[in-house]
Each structure stands twice: as structure tokens, then as C-alpha cells.
Amino acid sequence: MKKSFIALAAALACCAAAQAQSTVQLTGLADMYAGSVKMAGQDRKSVVGSG
């Protein structure tokens, strides 16, 4: 009985701590480019990358 009560209390404590975050904030610098590359003997290829 005592062990099952402790297990139940631990499970409830874990459930209470797991909550979804309502907002997300992103900060920083976006560094990317888009372009077209033509290599010798090949067709033109579009590329998107980051620098």
C-alpha cells in the first residue's frame, strides 16, 4: 500500500510538471542565399543554402 502510494505521488508530480509552452520566441540572424549554378558539361542547377 505504501509503495503504491509513493508511486502514484511520483506519477502525479511528473504529470503536473509537463505542460505545453503557449508562446515561442525566435531571435538571431537569418543568413541564406538562393541562386543558380551552371557547371561545365551539366545543366543549370538551382541552389538554396546558408553562408
# chains A, B, ... in the order shown; residues from 1 in each chain; ligands from 1
$ residues_around --residues "Val47 (chain A)" --least-positions-apart "2" --cutoff "12 Å" --atoms "only C-alpha atoms" --output "VMD selection string"
chain A and resid 32 to 38 44 to 45 49 to 50
$ atom_distance --atom1 "CA of Ala30 (chain A)" --atom2 "CA of Ser46 (chain A)"
19.8 Å
